[in-house]
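One file, data_39.cif, is given below (mmCIF, C-alpha atoms).
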```cif
data_start
loop_
_atom_site.label_atom_id
_atom_site.label_comp_id
_atom_site.auth_asym_id
_atom_site.auth_seq_id
_atom_site.Cartn_x
_atom_site.Cartn_y
_atom_site.Cartn_z
CA MET L 1 -29.16 209.94 -40.79
CA MET L 2 -31.68 212.76 -40.33
CA LEU L 3 -35.42 212.65 -40.84
CA ILE L 4 -37.26 215.91 -41.56
CA VAL L 5 -40.89 215.42 -40.52
CA ASN L 6 -44.17 217.34 -40.66
CA ALA L 7 -43.23 219.15 -43.85
CA HIS L 8 -44.91 220.24 -47.06
CA LEU L 9 -42.44 219.08 -49.72
CA VAL L 10 -42.01 220.96 -53.00
CA THR L 11 -40.09 218.62 -55.31
CA TRP L 12 -39.46 220.85 -58.37
CA GLY L 13 -39.47 217.57 -60.29
CA ASP L 14 -41.06 217.13 -63.69
CA PRO L 15 -43.89 217.43 -62.96
CA CYS L 16 -43.50 219.35 -59.73
CA GLU L 17 -45.28 217.78 -56.77
CA LEU L 18 -46.54 219.39 -53.58
CA LEU L 19 -46.60 216.67 -50.91
CA THR L 20 -48.39 217.60 -47.68
CA ASP L 21 -47.51 216.21 -44.25
CA HIS L 22 -44.49 214.38 -45.62
CA ALA L 23 -41.08 213.43 -44.31
CA LEU L 24 -37.69 213.35 -45.98
CA LEU L 25 -34.76 211.14 -45.01
CA ILE L 26 -31.21 212.49 -45.48
CA GLN L 27 -28.29 210.09 -45.46
CA ASP L 28 -24.66 210.69 -46.46
CA GLY L 29 -25.46 214.17 -47.73
CA ARG L 30 -28.20 213.03 -50.10
CA ILE L 31 -31.93 212.63 -50.13
CA HIS L 32 -32.57 208.96 -49.45
CA GLU L 33 -36.34 208.66 -49.33
CA THR L 34 -39.58 210.61 -48.94
CA GLY L 35 -42.98 209.54 -47.71
CA PRO L 36 -45.87 210.39 -45.40
CA THR L 37 -44.65 211.49 -41.98
CA ALA L 38 -46.36 208.71 -40.00
CA LEU L 39 -44.95 205.96 -42.21
CA MET L 40 -41.43 207.42 -42.28
CA ARG L 41 -41.33 207.89 -38.50
CA GLU L 42 -42.26 204.25 -38.05
CA LYS L 43 -39.74 203.07 -40.62
CA TYR L 44 -36.78 205.14 -39.33
CA ARG L 45 -37.21 205.17 -35.57
CA THR L 46 -33.51 205.73 -34.82
CA ALA L 47 -33.04 208.69 -37.16
CA GLU L 48 -32.30 212.18 -35.82
CA ILE L 49 -35.53 214.17 -36.09
CA LEU L 50 -35.86 217.68 -37.47
CA ASP L 51 -39.46 218.85 -37.07
CA ALA L 52 -40.48 221.23 -39.87
CA ARG L 53 -43.64 222.10 -37.92
CA GLY L 54 -45.78 222.36 -41.03
CA GLN L 55 -43.34 224.54 -42.97
CA PHE L 56 -42.43 224.07 -46.62
CA VAL L 57 -39.24 222.20 -47.55
CA LEU L 58 -37.92 222.66 -51.07
CA PRO L 59 -34.60 222.51 -52.93
CA GLY L 60 -32.17 225.32 -52.19
CA ASN L 61 -32.06 228.14 -54.69
CA ILE L 62 -29.20 228.43 -57.19
CA CYS L 63 -27.46 231.57 -58.45
CA ALA L 64 -26.03 231.15 -61.94
CA HIS L 65 -23.83 234.29 -62.06
CA THR L 66 -22.62 236.51 -59.24
CA HIS L 67 -19.69 238.61 -58.02
CA PHE L 68 -18.95 238.11 -54.33
CA TYR L 69 -16.56 241.07 -54.29
CA GLY L 70 -19.44 243.35 -55.25
CA ALA L 71 -20.58 243.15 -51.62
CA PHE L 72 -18.05 245.87 -50.77
CA ALA L 73 -19.78 248.35 -53.10
CA ARG L 74 -22.95 248.56 -51.02
CA GLY L 75 -23.57 252.20 -50.09
CA MET L 76 -20.44 253.47 -51.84
CA SER L 77 -20.86 256.67 -53.85
CA ILE L 78 -18.91 257.49 -56.99
CA PRO L 79 -17.23 260.93 -56.77
CA GLY L 80 -18.41 263.54 -59.25
CA ASP L 81 -21.34 263.39 -61.61
CA ALA L 82 -23.21 260.12 -61.93
CA PRO L 83 -21.82 257.84 -64.69
CA LYS L 84 -23.72 258.38 -67.91
CA ASP L 85 -23.49 254.80 -69.23
CA PHE L 86 -22.21 251.32 -68.47
CA PRO L 87 -18.63 251.86 -69.72
CA GLU L 88 -18.33 254.77 -67.25
CA ILE L 89 -19.75 252.58 -64.47
CA LEU L 90 -17.03 250.02 -65.18
CA GLU L 91 -14.24 252.59 -65.30
CA ARG L 92 -15.33 254.72 -62.34
CA LEU L 93 -16.70 252.04 -60.00
CA TRP L 94 -15.98 248.38 -60.66
CA TRP L 95 -12.47 248.60 -62.07
CA LYS L 96 -11.44 250.91 -59.25
CA LEU L 97 -13.08 248.70 -56.63
CA ASP L 98 -11.55 245.42 -57.79
CA SER L 99 -8.10 247.07 -58.03
CA ALA L 100 -8.39 248.17 -54.41
CA LEU L 101 -8.98 244.67 -53.03
CA LYS L 102 -6.43 242.90 -50.86
CA PRO L 103 -6.61 239.20 -49.87
CA GLU L 104 -8.49 239.86 -46.63
CA ASP L 105 -10.96 242.03 -48.52
CA VAL L 106 -11.52 239.18 -50.95
CA ARG L 107 -12.17 236.83 -48.04
CA TYR L 108 -14.64 239.04 -46.22
CA SER L 109 -16.56 240.14 -49.29
CA ALA L 110 -17.04 236.43 -49.98
CA LEU L 111 -18.08 235.71 -46.39
CA VAL L 112 -20.60 238.56 -46.45
CA SER L 113 -22.12 237.13 -49.62
CA LEU L 114 -22.18 233.61 -48.21
CA VAL L 115 -23.93 234.73 -45.02
CA ASP L 116 -26.52 236.38 -47.26
CA ALA L 117 -26.90 233.15 -49.24
CA VAL L 118 -27.39 231.00 -46.14
CA ARG L 119 -29.95 233.46 -44.79
CA HIS L 120 -31.96 233.24 -48.01
CA GLY L 121 -31.73 229.54 -48.81
CA THR L 122 -29.36 229.88 -51.77
CA THR L 123 -27.15 226.80 -51.61
CA THR L 124 -25.19 226.88 -54.90
CA LEU L 125 -23.52 229.94 -56.43
CA ILE L 126 -21.44 230.51 -59.57
CA ASP L 127 -19.00 233.34 -58.86
CA HIS L 128 -16.89 235.49 -61.18
CA HIS L 129 -14.01 237.14 -59.30
CA ALA L 130 -11.57 240.01 -59.98
CA SER L 131 -8.82 241.48 -57.78
CA PRO L 132 -5.95 242.52 -60.09
CA ASN L 133 -3.65 243.50 -57.22
CA ALA L 134 -4.34 240.25 -55.35
CA ILE L 135 -4.60 237.53 -58.00
CA ASP L 136 -2.38 234.68 -56.82
CA GLY L 137 -4.31 232.41 -54.50
CA SER L 138 -7.44 234.58 -54.59
CA LEU L 139 -9.63 231.63 -55.59
CA ASP L 140 -8.27 229.64 -52.65
CA VAL L 141 -9.21 232.52 -50.35
CA ILE L 142 -12.77 232.46 -51.68
CA GLY L 143 -12.82 228.67 -51.72
CA ASP L 144 -11.85 228.50 -48.05
CA ALA L 145 -14.72 230.85 -47.22
CA VAL L 146 -17.11 228.63 -49.17
CA LEU L 147 -15.91 225.55 -47.31
CA GLU L 148 -16.38 227.37 -44.00
CA SER L 149 -19.93 228.33 -44.96
CA GLY L 150 -21.00 224.80 -45.90
CA LEU L 151 -22.44 225.96 -49.24
CA ARG L 152 -21.15 225.03 -52.67
CA ALA L 153 -19.73 227.38 -55.31
CA CYS L 154 -18.17 227.31 -58.75
CA LEU L 155 -15.33 229.85 -58.93
CA CYS L 156 -13.23 231.52 -61.60
CA TYR L 157 -10.88 234.48 -61.98
CA GLU L 158 -11.71 237.26 -64.46
CA VAL L 159 -8.88 237.37 -67.04
CA THR L 160 -8.46 240.67 -68.90
CA ASP L 161 -5.87 242.69 -70.82
CA ARG L 162 -6.73 245.92 -69.09
CA ASP L 163 -4.17 245.47 -66.27
CA GLY L 164 -1.20 244.58 -68.47
CA PRO L 165 0.45 241.34 -69.64
CA GLN L 166 1.79 240.23 -66.25
CA ARG L 167 -1.59 240.41 -64.55
CA PHE L 168 -3.21 238.80 -67.60
CA GLN L 169 -0.89 235.82 -67.26
CA ALA L 170 -1.37 235.72 -63.49
CA GLY L 171 -5.12 235.48 -64.07
CA VAL L 172 -4.65 232.64 -66.55
CA ASP L 173 -2.42 230.80 -64.11
CA GLU L 174 -4.86 231.28 -61.23
CA ASN L 175 -7.71 229.80 -63.24
CA VAL L 176 -5.66 226.83 -64.40
CA ARG L 177 -4.21 226.10 -60.96
CA PHE L 178 -7.55 226.25 -59.18
CA ALA L 179 -9.38 224.22 -61.82
CA LYS L 180 -6.83 221.41 -61.47
CA LYS L 181 -7.20 221.54 -57.69
CA VAL L 182 -11.00 221.18 -57.53
CA SER L 183 -11.79 219.12 -60.64
CA PRO L 184 -14.26 217.48 -61.24
CA GLY L 185 -16.43 219.43 -58.81
CA SER L 186 -17.56 216.50 -56.71
CA GLY L 187 -17.48 218.38 -53.39
CA GLN L 188 -18.32 221.94 -52.40
CA LEU L 189 -16.09 223.56 -55.03
CA SER L 190 -15.81 223.47 -58.79
CA ALA L 191 -14.25 225.77 -61.37
CA LEU L 192 -14.66 227.44 -64.71
CA PHE L 193 -12.14 229.67 -66.52
CA GLY L 194 -13.10 233.33 -66.13
CA LEU L 195 -12.87 236.00 -68.83
CA HIS L 196 -14.02 239.58 -68.36
CA ALA L 197 -15.47 240.32 -71.79
CA SER L 198 -14.54 240.29 -75.45
CA MET L 199 -13.94 244.05 -75.36
CA THR L 200 -11.03 243.74 -72.89
CA LEU L 201 -9.29 240.77 -74.55
CA SER L 202 -7.22 240.61 -77.74
CA ASP L 203 -7.37 237.72 -80.19
CA ARG L 204 -4.03 236.57 -78.89
CA SER L 205 -5.30 236.61 -75.33
CA LEU L 206 -8.40 234.61 -76.26
CA GLU L 207 -6.20 232.01 -77.91
CA THR L 208 -3.92 231.86 -74.87
CA CYS L 209 -6.93 231.15 -72.66
CA ARG L 210 -8.31 228.46 -74.97
CA VAL L 211 -4.97 226.66 -75.07
CA ALA L 212 -4.55 226.90 -71.30
CA HIS L 213 -7.87 225.33 -70.36
CA ASP L 214 -9.86 222.40 -71.75
CA GLY L 215 -13.03 222.99 -69.71
CA GLY L 216 -15.76 225.59 -69.66
CA PHE L 217 -15.42 229.38 -69.70
CA HIS L 218 -17.42 232.09 -67.89
CA VAL L 219 -17.55 235.43 -69.72
CA HIS L 220 -19.68 238.60 -69.91
CA VAL L 221 -21.27 238.93 -73.36
CA ALA L 222 -22.85 242.03 -74.89
CA GLU L 223 -23.94 243.49 -71.57
CA HIS L 224 -23.71 246.87 -73.31
CA GLU L 225 -23.52 247.86 -76.98
CA SER L 226 -19.86 248.80 -76.51
CA ASP L 227 -18.92 245.11 -76.37
CA GLU L 228 -20.42 244.57 -79.82
CA TYR L 229 -18.90 247.78 -81.23
CA ASP L 230 -15.46 246.73 -80.00
CA SER L 231 -15.74 243.26 -81.53
CA LEU L 232 -16.88 244.64 -84.86
CA LYS L 233 -13.99 247.11 -84.87
CA ARG L 234 -11.41 244.46 -83.96
CA THR L 235 -12.58 241.58 -86.12
CA ALA L 236 -15.57 242.67 -88.25
CA THR L 237 -17.57 240.01 -86.39
CA ARG L 238 -19.97 240.20 -83.47
CA VAL L 239 -19.09 239.09 -79.95
CA VAL L 240 -20.64 235.62 -79.96
CA ASP L 241 -19.14 234.89 -83.39
CA ARG L 242 -15.74 235.97 -82.11
CA LEU L 243 -15.92 233.83 -78.97
CA SER L 244 -17.16 230.86 -80.98
CA GLN L 245 -14.32 231.20 -83.48
CA ALA L 246 -11.90 231.34 -80.55
CA GLY L 247 -13.25 228.00 -79.30
CA LEU L 248 -14.57 229.36 -76.01
CA LEU L 249 -18.23 228.39 -76.25
CA GLY L 250 -19.78 225.02 -75.48
CA PRO L 251 -21.98 223.02 -73.09
CA MET L 252 -19.86 223.89 -70.05
CA SER L 253 -19.47 227.61 -70.84
CA ILE L 254 -21.53 230.52 -69.49
CA ALA L 255 -22.23 233.71 -71.44
CA ALA L 256 -23.57 236.23 -68.93
CA HIS L 257 -26.16 238.85 -69.97
CA CYS L 258 -26.33 238.58 -73.82
CA ILE L 259 -28.52 241.68 -73.98
CA HIS L 260 -27.36 243.11 -77.32
CA ILE L 261 -26.84 239.97 -79.39
CA ASP L 262 -28.59 239.41 -82.70
CA GLN L 263 -30.48 236.40 -84.06
CA ARG L 264 -27.42 234.75 -85.58
CA GLU L 265 -25.55 235.03 -82.29
CA SER L 266 -28.52 233.45 -80.52
CA MET L 267 -28.36 230.53 -82.93
CA ILE L 268 -24.65 230.07 -82.28
CA LEU L 269 -25.32 229.95 -78.54
CA ARG L 270 -28.02 227.35 -79.14
CA ASP L 271 -25.93 225.26 -81.52
CA THR L 272 -22.95 225.22 -79.16
CA SER L 273 -25.21 224.46 -76.14
CA THR L 274 -23.68 227.44 -74.33
CA TRP L 275 -25.45 228.63 -71.20
CA VAL L 276 -26.76 232.20 -71.01
CA THR L 277 -27.49 233.88 -67.68
CA HIS L 278 -29.99 236.65 -67.06
CA GLN L 279 -29.49 239.24 -64.29
CA PRO L 280 -32.53 241.57 -64.38
CA ARG L 281 -31.85 243.66 -61.24
CA SER L 282 -28.32 244.48 -62.39
CA ASN L 283 -29.45 245.21 -65.94
CA MET L 284 -32.05 247.66 -64.66
CA ASN L 285 -29.55 249.29 -62.30
CA ASN L 286 -26.98 249.75 -65.08
CA ALA L 287 -29.65 250.82 -67.60
CA VAL L 288 -28.25 248.44 -70.22
CA GLY L 289 -31.54 247.03 -71.45
CA ALA L 290 -33.22 243.64 -71.18
CA ALA L 291 -32.16 240.44 -72.90
CA ASP L 292 -34.72 238.70 -75.11
CA VAL L 293 -35.02 235.85 -72.63
CA GLU L 294 -38.28 234.46 -73.99
CA GLY L 295 -36.96 234.56 -77.55
CA LEU L 296 -33.76 232.83 -76.54
CA MET L 297 -35.62 230.07 -74.71
CA ARG L 298 -38.05 229.59 -77.61
CA LEU L 299 -35.05 229.18 -79.88
CA GLY L 300 -33.66 226.50 -77.59
CA VAL L 301 -30.95 228.49 -75.80
CA ARG L 302 -30.43 227.39 -72.20
CA VAL L 303 -31.04 230.52 -70.10
CA ALA L 304 -30.37 230.46 -66.35
CA LEU L 305 -30.84 233.13 -63.69
CA GLY L 306 -28.09 234.94 -61.77
CA ASN L 307 -27.86 238.12 -59.72
CA ASP L 308 -24.58 239.78 -60.85
CA GLY L 309 -23.61 240.58 -57.25
CA PHE L 310 -26.99 241.76 -56.00
CA SER L 311 -28.29 240.05 -52.86
CA ASN L 312 -28.47 236.28 -52.84
CA ALA L 313 -32.19 236.44 -52.05
CA MET L 314 -32.90 234.81 -55.39
CA TRP L 315 -36.67 235.10 -55.19
CA GLU L 316 -36.15 238.83 -55.59
CA GLU L 317 -34.45 238.09 -58.90
CA TRP L 318 -37.36 235.85 -59.91
CA LYS L 319 -39.84 238.62 -59.21
CA THR L 320 -37.80 241.23 -61.06
CA ALA L 321 -37.53 239.00 -64.12
CA TYR L 322 -41.28 238.44 -64.03
CA LEU L 323 -41.99 242.19 -63.95
CA LEU L 324 -39.17 243.65 -66.06
CA HIS L 325 -40.16 242.04 -69.34
CA LYS L 326 -43.79 243.06 -68.93
CA ALA L 327 -42.69 246.67 -68.47
CA VAL L 328 -40.17 246.62 -71.33
CA HIS L 329 -42.69 245.20 -73.79
CA ARG L 330 -45.75 246.92 -72.28
CA ASP L 331 -47.44 243.54 -72.44
CA PRO L 332 -48.68 241.74 -69.29
CA ARG L 333 -48.51 238.42 -71.13
CA ARG L 334 -44.72 238.49 -71.33
CA MET L 335 -42.46 236.41 -69.05
CA GLY L 336 -45.12 234.24 -67.45
CA GLY L 337 -44.52 232.43 -64.20
CA ASP L 338 -43.84 229.19 -66.06
CA ALA L 339 -41.00 230.86 -67.98
CA VAL L 340 -39.48 232.17 -64.74
CA ILE L 341 -39.61 228.66 -63.24
CA GLN L 342 -38.02 227.17 -66.36
CA MET L 343 -35.14 229.60 -66.08
CA ALA L 344 -34.69 229.94 -62.31
CA VAL L 345 -35.46 226.37 -61.26
CA ARG L 346 -35.03 223.84 -64.04
CA ASN L 347 -32.27 225.50 -66.04
CA ASN L 348 -30.38 226.61 -62.95
CA ALA L 349 -30.59 223.06 -61.62
CA ALA L 350 -29.31 221.59 -64.89
CA LEU L 351 -26.39 224.04 -65.00
CA ALA L 352 -25.44 223.46 -61.36
CA SER L 353 -25.71 219.69 -61.78
CA ALA L 354 -23.32 219.86 -64.74
CA LEU L 355 -20.78 221.75 -62.64
CA PHE L 356 -21.25 219.43 -59.64
CA PRO L 357 -21.84 216.03 -61.27
CA ALA L 358 -21.73 213.87 -58.14
CA ALA L 359 -25.48 214.23 -57.50
CA PRO L 360 -28.42 216.12 -59.03
CA LEU L 361 -29.02 219.60 -57.61
CA GLY L 362 -32.15 221.73 -57.44
CA VAL L 363 -34.62 218.86 -57.17
CA LEU L 364 -36.11 216.94 -54.27
CA GLN L 365 -35.82 213.28 -55.21
CA PRO L 366 -33.96 210.20 -53.94
CA GLY L 367 -30.28 210.39 -54.86
CA ALA L 368 -30.22 214.17 -55.19
CA ALA L 369 -27.98 216.31 -53.03
CA ALA L 370 -29.67 217.27 -49.76
CA ASP L 371 -29.50 221.01 -50.50
CA LEU L 372 -32.72 222.34 -49.01
CA MET L 373 -34.45 225.31 -47.51
CA ILE L 374 -37.22 225.45 -44.94
CA VAL L 375 -39.80 228.16 -45.53
CA GLU L 376 -42.53 229.54 -43.29
CA TYR L 377 -45.47 230.41 -45.52
CA HIS L 378 -49.14 230.50 -44.65
CA PRO L 379 -51.11 230.71 -47.90
CA THR L 380 -54.28 232.78 -47.71
CA THR L 381 -55.63 231.33 -50.96
CA PRO L 382 -55.58 227.74 -52.29
CA LEU L 383 -52.05 226.52 -53.02
CA THR L 384 -51.45 223.69 -55.47
CA ALA L 385 -48.54 222.41 -57.54
CA GLY L 386 -50.18 224.12 -60.51
CA ASN L 387 -50.35 227.62 -59.05
CA LEU L 388 -47.18 227.38 -56.93
CA PRO L 389 -45.12 229.64 -59.25
CA TRP L 390 -47.53 232.54 -58.71
CA HIS L 391 -47.59 232.00 -54.95
CA MET L 392 -43.81 232.22 -55.05
CA LEU L 393 -43.85 235.37 -57.16
CA PHE L 394 -46.56 237.17 -55.18
CA GLY L 395 -46.63 235.51 -51.77
CA PHE L 396 -43.30 233.97 -50.74
CA GLN L 397 -40.86 236.46 -49.23
CA SER L 398 -37.12 236.05 -48.78
CA SER L 399 -37.56 236.69 -45.08
CA ALA L 400 -39.70 233.54 -44.87
CA VAL L 401 -36.65 231.24 -45.11
CA THR L 402 -36.11 229.81 -41.63
CA GLY L 403 -33.65 227.00 -42.39
CA THR L 404 -30.92 226.14 -44.88
CA ILE L 405 -29.32 222.73 -45.41
CA ALA L 406 -26.48 221.89 -47.81
CA SER L 407 -25.19 218.37 -48.42
CA GLY L 408 -27.30 217.29 -45.47
CA LYS L 409 -25.58 219.74 -43.11
CA VAL L 410 -27.87 222.15 -41.26
CA LEU L 411 -26.40 225.62 -41.83
CA MET L 412 -29.29 227.63 -40.42
CA LEU L 413 -32.27 226.59 -38.31
CA ASP L 414 -35.02 228.83 -36.95
CA ARG L 415 -33.15 231.72 -38.63
CA LYS L 416 -30.01 231.12 -36.54
CA LEU L 417 -26.77 230.54 -38.46
CA ARG L 418 -24.74 227.63 -37.11
CA PHE L 419 -21.33 227.99 -38.73
CA LEU L 420 -20.85 231.59 -39.85
CA ASP L 421 -20.60 234.29 -37.17
CA GLU L 422 -22.68 236.94 -38.90
CA GLU L 423 -22.05 239.68 -36.35
CA ARG L 424 -18.27 239.20 -36.38
CA ILE L 425 -18.14 238.98 -40.18
CA ALA L 426 -20.22 242.14 -40.58
CA ALA L 427 -18.06 244.06 -38.10
CA ARG L 428 -14.81 243.15 -39.84
CA SER L 429 -16.37 243.78 -43.24
CA ARG L 430 -17.26 247.35 -42.21
CA GLU L 431 -13.65 247.99 -41.19
CA LEU L 432 -12.15 246.53 -44.35
CA SER L 433 -14.63 248.07 -46.77
CA ALA L 434 -14.03 251.53 -45.28
CA GLU L 435 -10.34 251.17 -46.12
CA VAL L 436 -11.19 249.89 -49.61
CA TRP L 437 -13.38 252.94 -50.17
CA LYS L 438 -10.49 255.21 -49.19
CA ARG L 439 -8.22 253.51 -51.73
CA VAL L 440 -10.90 253.82 -54.41
CA ALA L 441 -11.37 257.54 -53.68
CA GLY L 442 -7.61 258.14 -53.56
#
```

I'd like the structure from this file rewritten - as structure tokens, please.
Amino acid sequence: MMLIVNAHLVTWGDPCELLTDHALLIQDGRIHETGPTALMREKYRTAEILDARGQFVLPGNICAHTHFYGAFARGMSIPGDAPKDFPEILERLWWKLDSALKPEDVRYSALVSLVDAVRHGTTTLIDHHASPNAIDGSLDVIGDAVLESGLRACLCYEVTDRDGPQRFQAGVDENVRFAKKVSPGSGQLSALFGLHASMTLSDRSLETCRVAHDGGFHVHVAEHESDEYDSLKRTATRVVDRLSQAGLLGPMSIAAHCIHIDQRESMILRDTSTWVTHQPRSNMNNAVGAADVEGLMRLGVRVALGNDGFSNAMWEEWKTAYLLHKAVHRDPRRMGGDAVIQMAVRNNAALASALFPAAPLGVLQPGAAADLMIVEYHPTTPLTAGNLPWHMLFGFQSSAVTGTIASGKVLMLDRKLRFLDEERIAARSRELSAEVWKRVAG
């Protein structure tokens, strides 16, 4: 039993409350009670005390779509001329990188990403993995790293036809095996069934995946126009139509990106209650465009926020989403702070809670998982529950996170990690990634 005292609590409830000089009691990995510090200290005299010293305590951030293995691409240059479009980026960077990964590379790219998440208060992540020359057991390798970190993650393996029928089947088997192992996601791990994209899967392969798995799927959708062109050529239907007809959409499935879908596809996503994830930093980097996030949410599509392998400092993703849509539309009224909060807080929390049903995530309330971050922020203008989103977009910095707690376990306090040896992990990561780069270049 641990009592966090002298805190400003941000509940992210509905409505969100900002509770000053409050305390929060954690018991058995969950939030048990909140109240004014003086009253809670008197009530729980024997509890272990964690003094927040006037800092903010709020639910940990959630990342709805990421690629841990992308950590090994940082600083790597692509030989020759710069890729001219997203298909060339896939062929010349990502498909070469994932093919170069060995099991230890998989482990350390995950550990690097998890250190980054702990440092920045991101406590739940939904990963999409690929390592075609190290498929069997790869999700266990990542899962073990997640368990070591103390965070929670939903994992899947990216099934594709591009590496031949044997690797396709190995990917199917890895998804099925791991999903059976961690179902129903009551602890630190849960699973979806991963698919790369419609453009790298035949109709027969889509059917094989649907038959193999009776849960949710995690797939890239229309990140670039080429995905739509391929679907139209194969089936005379668009990507979302094709995936829907294959039986792969639904309330537990994630369609990442959805940049180049049309209105009918948006309606299918809404009607099937499929989740869509938005990754603005990646979309800008790959020059693939910007999804109509506001239009999708107005239509009733559930849009969450991921990072696609960028840093797990999720507030950076919030800020990019806030700015990108203003620039794209040349309209400062677009993507208001309330829309960012709906996507990055409420929708992310609902998605994560569906994948980890044991306790609500992303909200500070009794019974919810004690996944929290402690933030040092000294507002220079009035701060209220009403203007909190704009303080977060323009004032809060990722470096302000001083503590991270997951399931009631303190993972970082006063910016010092307790369970992951950051220096050792970084040193080994440099060695391994250098060898990966050589294999990519070779």

With only C-alpha atoms as the counted atoms, please give the residues lying no more than 10 Å from Trp12 of chain L, apart from itself and same-chain residues fewer than 4 positions off, as a CSV table (one decimal) with C-alpha atoms, keeping the file's coordinate frame.
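Output contents, as saved in out_10.csv:
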```
chain,number,residue,atom,x,y,z
L,16,CYS,CA,-43.5,219.4,-59.7
L,17,GLU,CA,-45.3,217.8,-56.8
L,18,LEU,CA,-46.5,219.4,-53.6
L,58,LEU,CA,-37.9,222.7,-51.1
L,59,PRO,CA,-34.6,222.5,-52.9
L,341,ILE,CA,-39.6,228.7,-63.2
L,345,VAL,CA,-35.5,226.4,-61.3
L,346,ARG,CA,-35.0,223.8,-64.0
L,349,ALA,CA,-30.6,223.1,-61.6
L,362,GLY,CA,-32.2,221.7,-57.4
L,363,VAL,CA,-34.6,218.9,-57.2
L,364,LEU,CA,-36.1,216.9,-54.3
L,365,GLN,CA,-35.8,213.3,-55.2
L,385,ALA,CA,-48.5,222.4,-57.5
```

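Interatomic distance, atom CA of Arg418 of chain L against atom CA of Cys63 of chain L: 21.9 Å.
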
Apply the PyMOL selection byres ((chain L and resi 403) around 8) to the displayed file and report the matching residues as an mmCIF file with C-alpha atoms, keeping the file's coordinate frame.
```cif
data_model
loop_
_atom_site.group_PDB
_atom_site.id
_atom_site.type_symbol
_atom_site.label_atom_id
_atom_site.label_comp_id
_atom_site.auth_asym_id
_atom_site.auth_seq_id
_atom_site.Cartn_x
_atom_site.Cartn_y
_atom_site.Cartn_z
ATOM 1 C CA ARG L 119 -29.950 233.460 -44.790
ATOM 2 C CA GLY L 121 -31.730 229.540 -48.810
ATOM 3 C CA MET L 373 -34.450 225.310 -47.510
ATOM 4 C CA ILE L 374 -37.220 225.450 -44.940
ATOM 5 C CA VAL L 375 -39.800 228.160 -45.530
ATOM 6 C CA VAL L 401 -36.650 231.240 -45.110
ATOM 7 C CA THR L 402 -36.110 229.810 -41.630
ATOM 8 C CA THR L 404 -30.920 226.140 -44.880
ATOM 9 C CA ILE L 405 -29.320 222.730 -45.410
ATOM 10 C CA VAL L 410 -27.870 222.150 -41.260
ATOM 11 C CA LEU L 411 -26.400 225.620 -41.830
ATOM 12 C CA MET L 412 -29.290 227.630 -40.420
ATOM 13 C CA LEU L 413 -32.270 226.590 -38.310
ATOM 14 C CA ASP L 414 -35.020 228.830 -36.950
ATOM 15 C CA ARG L 415 -33.150 231.720 -38.630
#
```

- [ ] Within 7 Å of Ile26 of chain L, counting only C-alpha atoms, which residues show up once you throw out same-chain ones fewer than 2 positions away? Write them as a VMD selection string, please.
- [x] chain L and resid 1 to 3 24 28 to 32 370 408

Limited to C-alpha atoms, could you put the picked residues into a file as a compact mmCIF listing (two decimals), in the coordinates of the input?
```txt
# COMPACT_ATOMS: atom_id res chain seq x y z
CA MET L 1 -29.16 209.94 -40.79
CA MET L 2 -31.68 212.76 -40.33
CA LEU L 3 -35.42 212.65 -40.84
CA LEU L 24 -37.69 213.35 -45.98
CA ASP L 28 -24.66 210.69 -46.46
CA GLY L 29 -25.46 214.17 -47.73
CA ARG L 30 -28.20 213.03 -50.10
CA ILE L 31 -31.93 212.63 -50.13
CA HIS L 32 -32.57 208.96 -49.45
CA ALA L 370 -29.67 217.27 -49.76
CA GLY L 408 -27.30 217.29 -45.47
```

Open item on the list: Let me make sure I understand: among L:Gly75, L:Phe68, L:Pro87, L:Gly336, which one has the smallest atom-to-atom distance to Arg107 of chain L if we use only C-alpha atoms?
Closed with: L:Phe68

TODO: Give me the result of the PyMOL selection byres ((chain L and resi 323-326) around 9) on this file, residue by residue, as a PyMOL selection string.
DONE: chain L and resi 280-281+284+290-293+318-322+327-335

Task: Output check: residues returned by the PyMOL selection byres ((chain L and resi 316) around 12), as an MDAnalysis selection string - done: chainID L and resid 61 63 120 122 279:282 305:307 310:315 317:324 340 344 392:399

TODO: Could you give me, as a list in words, the residues within 6 Å of segment 219-233 of chain L, counting all atoms listed in the file and dropping anything in the same chain fewer than 4 positions from it?
DONE: Leu195, His196, Ala197, Met199, Thr237, Arg238, Val239, Ala255, Ala256, His257, Cys258, Ile259, His260 and Val288 of chain L

- [ ] Counting only C-alpha atoms, figure out which residue out of L:Ser149, L:Thr11, L:Asp140, L:Asp85 gets nearest to Ile425 of chain L.
- [x] L:Ser149
